[in-house]
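Report on one structure; see the data block that follows.
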Amino acid sequence: MSEKIRVLLAKPGLDGHDRGIKVIAAAFRDAGFEVIYTGLRQTPENIVNAAIQEDVDAVGVSILSGAHMTLFPAILNLLKEKKADQIILFGGGIIPDEDVAALEKSGVDKLFTPGATTEETVKYLREAVAKRKRDEKII
Amino acid sequence: MTVLEKFLSGDQAALARIITFIEDRQEKYREVLARLYPQSGRAVKIGFTGPPGAGKSSLVNSIARLLLARGHRIGIIAVDPTSPFTGGALLGDRIRMVDMPTDGSVYIRSMATRGSSGGLAAATGNVATALDAFGFDFILIETVGVGQVELDIVDTCDTVIVVLVPESGDAIQALKAGLMEIADIFAINKADRPGSENIVAELNMVLELKRNKIEWDLPVIATEAINNKNIDRLLEKIDAHLGYIKTSGLFEKHRREQIKNKLFGVMQFHFNNLIRQEIGRITDLDKVISDIYEGKSDPFTVGESLLKKISGIQPLH
Ligand SMILES: Nc1nc2c(ncn2[C@@H]2O[C@H](COP(=O)(O)OP(=O)(O)OP(=O)(O)O)[C@@H](O)[C@H]2O)c(=O)[nH]1
Ligand SMILES: [Mg+2]
């Protein structure tokens with residue numbers, strides 16, 4: 001049987017808009033992905049816990065509040081701490097170029113800034129998941 | 001260490017991997033299930049079904065919290081529909097289950113139906129087996145909730161809760177839809193809304209007939225999941241139902257029936273694969289279809305003779 005791409009979308013922080021993330025969620029669903037949406041105002045702990053339980057290939061995080069330089073590293077650290085850093089972390093938001101560069105260097109796989117199309121995001125995720133190899137023996 | 005070994009040592013990330021493996025039917029998934037099955041059977045399985053938006057996820061969340069407070073470990077499976085057009089799915093039940101403890105006492109898994117139409121995914125029963133073998137005391141399962149009767153839940157759970165809301169219309173409609181047959185307990189959720197007393201009274205009246213015929217009293221509880229109201233009463237009824245089925249022997253009877261269905265399902269799965277494989281091998285399939293299309297033959301005769309060729313099995317008449 002096929003292996004489905006599973007992705008968790010989350011919106012931590014206190015800003016209340018979820019329009020953008022819902023558009024991405026619909027685009028991912030239409031691309032044939034299984035999208036787990038956890039709602040607004042999730043803590044990094046909750047996001048990482050849900051990502052592990054749902055065994056997702058990737059976590060997509062939308063941050064508009066300006067807290068990207070704390071939230072992304074917090075999620076990355078938790079993923080590492082829980083030995084779940086095979087999960088791809090990507091995101092989007094209003095993020096200055098130098099912060100994008102710094103975050104992508106520190107382990108966030110990809111950041112999208114306003115103007116990115118949903119097609120780009122879908123293509124990115126498909127390729128990122130295909131590139132990743134799992135080193136595991138089930139039985 | 002293999003993922004299965006990690007699973008057996010209690011690693012929740014390994015449980016999550018095993019579930020994906022089962023869900024995707026990856027190579028050797030049946031071998032994994034065969035290893036897990038003997039360790040399952042201890043968990044109590046409770047199903048939540050009912051129309052879209054009735055509050056199934058919210059009730060699962062509230063009941064889970066009460067069970068956690070009692071010291072139980074809880075596994076949750078929440079099913080949402082796969083889009084038949086794209087194969088994708090938007091799984092949103094977790095939105096109602098936030099701020100659960102992250103200490104391993106609760107595990108939530110969202111599942112897409114992936115083409116199944118009975119309210120659950122084809123793999124939901126197997127996923128429940130994995131949760132059971134992992135050691136959860138209770139497994140709460142939420143169906144898709146598309147409105148029609150979702151019979152899979154009966155075949156998977158010990159106790160089924162049908163969730164309705166004041167807006168669900170009259171109780172007769174619920175009756176017609178066959179919800180009466182599958183419910184062990186009714187929860188009329190959103191009781192904070194107008195019309196809830198009416199639907200409770202109406203349902204109670206309709207249920208009277210059935211109550212006379214069985215020993216279980218088919219309770220109707222008005223709940224408010226968002227205000228945490230009457231959730232304790234709902235749990236009392238769940239306890240009572242579990243007590244009833246255990247003392248009356250229905251629990252064992254039902255589980256034996258489930259095993260029979262599972263056996264049947266496994267055989268059917270292999271048989272379907274066999275047929276698909278054999279059909280692929282028919283070199284003159286196009287010619288066979290043309291003959292039927294042109295009226296020289298018919299699917300009944302051809303189907304029977306093909307079946308005999310496959311395995312020597314005689315079709316039943
Ligand atoms: N007024 C009121 N609203 C409620 C109550 N319980 C749940 N809701 C709301 O009803 C909506 C749907 O609740 P869910 O728990 O997601 O319902 P569901 O049956 O799981 O929905 P689907 O999985 O989409 O079929 C949410 O906005 C809840 O907050 C209640 O007791 N009263
Ligand atoms: Mg739900």
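Ligands are numbered from 1 in the order shown, chains are lettered A, B, ... in the order of the structure tokens, and residues start at 1 in each chain.
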Residues of stretch 123-236 of chain B in strand (DSSP E) according to DSSP, as a ChimeraX atom specification? /B:138-142,159-164,185-188,220-222
Store the residues picked out above in a file with C-alpha atoms, as an mmCIF file, in the first residue's frame.
data_model
loop_
_atom_site.group_PDB
_atom_site.id
_atom_site.type_symbol
_atom_site.label_atom_id
_atom_site.label_comp_id
_atom_site.auth_asym_id
_atom_site.auth_seq_id
_atom_site.Cartn_x
_atom_site.Cartn_y
_atom_site.Cartn_z
ATOM 1 C CA PHE B 138 -9.631 2.499 27.774
ATOM 2 C CA ILE B 139 -9.784 3.138 24.055
ATOM 3 C CA LEU B 140 -12.193 5.865 22.969
ATOM 4 C CA ILE B 141 -13.123 5.776 19.293
ATOM 5 C CA GLU B 142 -14.892 8.584 17.425
ATOM 6 C CA THR B 159 -20.162 0.271 24.518
ATOM 7 C CA VAL B 160 -21.538 2.640 21.888
ATOM 8 C CA ILE B 161 -22.664 6.174 22.690
ATOM 9 C CA VAL B 162 -24.864 7.887 20.137
ATOM 10 C CA VAL B 163 -24.488 11.661 20.374
ATOM 11 C CA LEU B 164 -27.400 13.795 19.237
ATOM 12 C CA ILE B 185 -26.357 5.066 25.661
ATOM 13 C CA PHE B 186 -27.733 8.273 24.151
ATOM 14 C CA ALA B 187 -26.061 11.583 24.908
ATOM 15 C CA ILE B 188 -28.130 14.614 23.997
ATOM 16 C CA VAL B 220 -30.619 9.135 27.678
ATOM 17 C CA ILE B 221 -28.325 11.739 29.255
ATOM 18 C CA ALA B 222 -28.466 15.454 28.504
#
Tell me which protein, DNA and RNA residues are within 9 Å of A:Asp55, counting only C-alpha atoms, leaving out same-chain ones fewer than 6 positions away, and put them as a count of residues only. 9
Contact set, chain B to chain A: 10 Å, only C-alpha atoms, as number ranges by chain: B: 1-7, 12-21, 23-29, 31-32, 35, 82-104, 106-112, 114
What are the DSSP alpha helix (DSSP H) residues of chain A, as a PyMOL selection string? chain A and resi 19-30+44-53+68-81+97-106+118-131
Find the residues near B:Glu236: any atom within 12 Å, counting only C-alpha atoms, skip ones fewer than 6 places away on the same chain, and give them as a PyMOL selection string. chain B and resi 63+66-67+185+219+221+230+242-243
In terms of the shortest atom-to-atom distance over only C-alpha atoms and all ligand atoms, which of B:Asp11, B:Glu202, B:Glu224, B:Glu150 is closest to ligand 1?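 Of the candidates, the smallest distance to ligand 1 is held by B:Glu224.
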For A:Val100, please output as an MDAnalysis selection string all residues within 12 Å (counting only C-alpha atoms; exclusion window: fewer than 3 positions along the same chain). chainID A and resid 68:69 72 90:97 103:113
Can you work out which residues are within 8 Å of ligand 2, considering only C-alpha atoms and all ligand atoms, and then hand them over as a count of residues only? 17
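Reported to one decimal place, the separation of atom CA of B:Asn189 from atom 31 (O, counted along the ligand's line) of ligand 1 is 5.2 Å.
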One decimal, in Å: what's the spacing between atom CA of B:Phe269 and atom CA of B:Gly41? 22.4 Å
Compile a residue-level contact table for stretch 14-76 of chain B against stretch 177-182 of chain B at a cut-off of 12 Å, reporting for every qualifying residue the shortest atom pair and its distance in Å to one decimal, with only C-alpha atoms counted, rows ordered by chain and ascending number, as a tab-separated table.
residue	atom	partner	partner_atom	distance
B:Gly47	CA	B:Ile182	CA	10.2
B:Phe48	CA	B:Ile182	CA	10.7
B:Thr49	CA	B:Leu179	CA	9.2
B:Gly50	CA	B:Leu179	CA	8.4
B:Pro51	CA	B:Leu179	CA	10.6
Restrict the selected residues to C-alpha atoms and save them as a PDB file, in the first residue's frame.
ATOM      1  CA  GLY B  47     -17.412   4.283  20.658  1.00  0.00           C
ATOM      2  CA  PHE B  48     -18.842   7.751  20.003  1.00  0.00           C
ATOM      3  CA  THR B  49     -20.980   8.234  16.923  1.00  0.00           C
ATOM      4  CA  GLY B  50     -23.555  10.752  15.722  1.00  0.00           C
ATOM      5  CA  PRO B  51     -24.081  13.540  13.220  1.00  0.00           C
TER       6      PRO B  51
END
Please determine, counting only C-alpha atoms, which residue among B:Leu307, B:Ile214, B:Met267, B:Leu235 has the shortest atom-to-atom distance to B:Ser248.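 Result for the nearest residue to B:Ser248: B:Ile214.
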